[in-house]
Amino acid sequence: MKTVYRFVLRAYVGPMVLTFFIVMFILLMHYLWMHIDELVGKGLGPSVIIELVFYASATLIPMALPLATLLASIMTMGNLGENNELLALKAAGISLPRIMKPLIILMVFVCVGSFFVINNFTPYSYQKMFSLLSDISKQKQEMKFQDGIFFNGIPDMSIRIGHQDPETNKLTDILIYNNKTYSKMQTTVADSGYIRISDDRKYLLVTLFQGQIYEENRNYQWFTQNTLSHHIFDRQDLVIPLSGFAFERSDQSEFASRSETKNMSQLSYTIDSLRHAQDSMVTNFGTKLVKSNIFRNLGYTELDTLPKLHPVYVMGRLDTMSVQQRNAVFGQASTWAEEARSYADYESEYMSYTSQLLYRAQADYQRKISLPFSIMIFFLIGAPLGAIIRKGGLGMPIVVSVLFFVVYYIISITGEKFVKDGAWPAFWGIWISSFILFPIAIFLTYKSTNDSALFNADAYKKRLEPILSLIRKVWGRLKKSKN
């Protein structure tokens with residue numbers, strides 16, 4: 001049996017690794033395509049791109065691993081069935097559960113490892129990825145000139161060139177508007193020159209030849225005192241400080257509050273804190289609304305001691321007031337009512353925001369637990385299905401795997417949406433996809449163990465033959481009766 005187990009493991013490990021990297025590559029290409037606008041044209045170094053790809057890949061493991069498991073299990077068992085190796089093992093008296101035993105043990109280790117990855121490494125990767133994306137979004141585009149078009153990528157400056165030599169980078173017919181100083185407007189015209197960013201990307205290095213500078217000193221109090229100066233130069237060298245062109249790292253701790261960047265212990269603490277805050281807001285809302293906004297001038301400390309107002313008594317008091325007094329009372333009441341409404345709206349929005357944070361944290365907490373089970377469920381679906389289909393390669397297994405995964409993904413995102421909207425508890429919303437697919441896994445395992453012809457068209461045709469013959473007889477009798 002050890003030889004058989006080694007044979008089955010070797011047949012499975014190769015497709016598992018291959019499909020995992022294929023799925024990761026596809027998901028990573030989709031991720032990069034979604035963020036291509038943020039990455040292109042900013043002069044990012046290879047180390048930054050590689051770092052972003054690495055951390056983005058780590059965040060895609062929870063999606064890639066279940067699909068790779070399903071695809072690899074279908075391919076492995078399909079290859080064994082297509083090559084009659086599975087039939088030979090069964091003929092030797094080895095049942096399908098015993099053939100799958102080493103794979104089940106391997107998948108147990110994979111599930112346990114996936115839990116530690118999603119609980120420890122993935123949150124860290126999310127934090128690093130969010131920080132990198134934030135730093136990249138703050139970096140400005142590279143300085144690229146187009147003939148006859150103003151470049152406005154530098155604050156308070158506009159640069160237009162007539163032509164740029166692609167080989168020497170020499171610029172001709174240069175026009176620069178510089179308004180970096182509040183009270184000074186400078187216009188520079190030059191026949192030729194060079195403009196580039198320093199190696200540390202902190203300075204703009206400008207070298208101009210055969211040009212003129214027009215400088216207007218503005219006096220915003222006395223416009224008649226504005227002065228205009230004119231300078232002619234043969235060569236001028238400028239070093240202008242820049243900001244935003246160099247890639248700068250920000251503090252990663254500002255992203256630590258997001259639920260994706262927390263492990264289970266941190267999420268548990270966050271959930272308890274949000275629940276306590278939510279309960280406190282609900283408890284104190286009514287008291288603060290009544291005491292601070294409605295009966296603010298009565299000095300009551302408890303809601304139970306608030307006076308009971310009788311409409312007849314209130315109307316009687318109003319009848320004794322003058323018109324000016326009534327206007328003052330109604331104006332004050334309207335002001336307090338508007339303040340109470342504003343306070344209620346603010347508290348409602350804050351409660352809604354707190355509830356969204358709570359639902360998201362609960363969903364992420366349950367997702368970390370459900371991932372290992374979903375991997376095992378996909379294996380229990382794929383291995384029996386491959387034994388029944390008996391088709392290896394990347395044709396039929398890909399079609400079946402994508403079909404099951406699409407169903408799983410649609411159910412998962414639907415349940416997660418209901419959780420984040422507060423319509424479903426987090427447990428049911430995250431686990432519903434596993435609960436739906438688990439009976440399918442049990443059914444397929446039972447069918448493959450008993451060698452049931454689940455996808456054999458001839459078997460279904462034989463079962464339907466009596467019904468079809470009966471329909472033909474009835475149809476023939478009806479035609480004879482009409483004739």
# chains A, B, ... in the order shown; residues from 1 in each chain; ligands from 1
>>> closest_atom_pairs(of="region 66-92 of chain A", to="region 408-418 of chain A", cutoff="12 Å", atoms="only C-alpha atoms", output="Markdown table")
| residue | atom | partner | partner_atom | distance |
| --- | --- | --- | --- | --- |
| A:Pro66 | CA | A:Tyr408 | CA | 10.1 |
| A:Leu67 | CA | A:Tyr408 | CA | 9.9 |
| A:Leu70 | CA | A:Tyr408 | CA | 11.6 |
>>> select_by_dssp(residues="region 106-271 of chain A", states="helix (DSSP H, G or I)", output="JSON, numbers by chain")
{"A": [106, 107, 108, 109, 110, 111, 112, 113, 114, 115, 116, 117, 118, 119, 120, 121, 122, 123, 124, 125, 126, 127, 128, 129, 130, 131, 132, 133, 134, 135, 136, 137, 138, 223, 224, 225, 252, 253, 254, 255, 259, 260, 261, 264, 265, 266, 267, 268, 269, 270, 271]}
>>> closest_atom_pairs(of="region 242-279 of chain A", to="region 359-371 of chain A", cutoff="7 Å", atoms="only C-alpha atoms", output="CSV")
residue,atom,partner,partner_atom,distance
A:Ser259,CA,A:Ala361,CA,5.4
A:Glu260,CA,A:Asp364,CA,6.9
A:Met264,CA,A:Tyr365,CA,6.0
A:Leu267,CA,A:Ala361,CA,6.2
A:Ile271,CA,A:Ala361,CA,6.4
>>> write_last_selection(atoms="N, CA and C atoms", output="compact mmCIF listing (two decimals), in the first residue's frame")
# COMPACT_ATOMS: atom_id res chain seq x y z
N SER A 259 -10.10 45.82 8.87
CA SER A 259 -10.33 44.44 9.30
C SER A 259 -9.51 43.44 8.51
N GLU A 260 -9.17 43.78 7.24
CA GLU A 260 -8.37 42.84 6.44
C GLU A 260 -6.96 42.67 6.98
N MET A 264 -7.18 36.74 13.88
CA MET A 264 -8.43 36.39 14.58
C MET A 264 -8.49 36.98 15.98
N LEU A 267 -9.27 40.61 15.55
CA LEU A 267 -10.66 40.77 15.12
C LEU A 267 -11.63 40.50 16.26
N ILE A 271 -14.30 43.15 17.48
CA ILE A 271 -15.74 42.85 17.50
C ILE A 271 -16.33 43.16 18.88
>>> residues_around(residues="Ser125 (chain A)", least_positions_apart="2", cutoff="7 Å", atoms="only C-alpha atoms", output="list in words")
Tyr55, Ala58, Thr59, Phe121, Thr122, Pro123, Gln127, Lys128 and Met129 of chain A
>>> residues_around(residues="region 81-93 of chain A", least_positions_apart="2", cutoff="7 Å", atoms="only C-alpha atoms", output="ChimeraX atom specification")
/A:77-79,95,387,390-392
>>> write_last_selection(atoms="N, CA, C and O atoms", output="compact mmCIF listing (two decimals), in the first residue's frame")
# COMPACT_ATOMS: atom_id res chain seq x y z
N MET A 77 -7.46 12.52 -10.52
CA MET A 77 -8.32 11.34 -10.57
C MET A 77 -8.81 11.09 -12.00
O MET A 77 -9.02 9.93 -12.39
N GLY A 78 -8.97 12.16 -12.79
CA GLY A 78 -9.35 11.96 -14.19
C GLY A 78 -8.26 11.29 -14.98
O GLY A 78 -8.53 10.41 -15.82
N ASN A 79 -6.99 11.68 -14.74
CA ASN A 79 -5.88 11.01 -15.42
C ASN A 79 -5.77 9.54 -15.02
O ASN A 79 -5.52 8.68 -15.87
N SER A 95 -10.38 0.04 -2.52
CA SER A 95 -11.55 0.90 -2.73
C SER A 95 -11.11 2.34 -2.97
O SER A 95 -9.96 2.72 -2.68
N ALA A 387 -12.90 10.89 -10.74
CA ALA A 387 -13.02 9.44 -10.88
C ALA A 387 -14.24 9.05 -11.70
O ALA A 387 -14.24 8.02 -12.39
N ARG A 390 -13.45 10.60 -15.57
CA ARG A 390 -12.34 9.86 -16.19
C ARG A 390 -11.76 10.59 -17.40
O ARG A 390 -11.50 10.01 -18.45
N LYS A 391 -11.60 11.88 -17.24
CA LYS A 391 -10.98 12.70 -18.27
C LYS A 391 -9.90 13.56 -17.61
O LYS A 391 -10.19 14.32 -16.69
N GLY A 392 -8.66 13.43 -18.09
CA GLY A 392 -7.57 14.22 -17.55
C GLY A 392 -7.28 15.43 -18.40
O GLY A 392 -8.11 15.89 -19.19
>>> atom_distance(atom1="CA of Val407 (chain A)", atom2="CA of Leu380 (chain A)")
16.1 Å
>>> atom_distance(atom1="CA of Thr207 (chain A)", atom2="CA of Phe151 (chain A)")
17.1 Å
>>> residues_around(residues="Leu204 (chain A)", least_positions_apart="3", cutoff="7 Å", atoms="only C-alpha atoms", output="list of chain:residue names")
A:Arg196, A:Ile197, A:Ser198, A:Val239, A:Ile240, A:Pro241, A:Leu242
>>> atom_distance(atom1="CA of Ile176 (chain A)", atom2="CA of Asp199 (chain A)")
22.2 Å
>>> closest_residue(among="A:Ile442, A:Met185, A:Leu32, A:Ile149", to="Ser229 (chain A)", atoms="only C-alpha atoms")
A:Met185
>>> closest_residue(among="A:Val323, A:Ala344, A:Leu96, A:Met107", to="Thr449 (chain A)", atoms="only C-alpha atoms")
A:Leu96
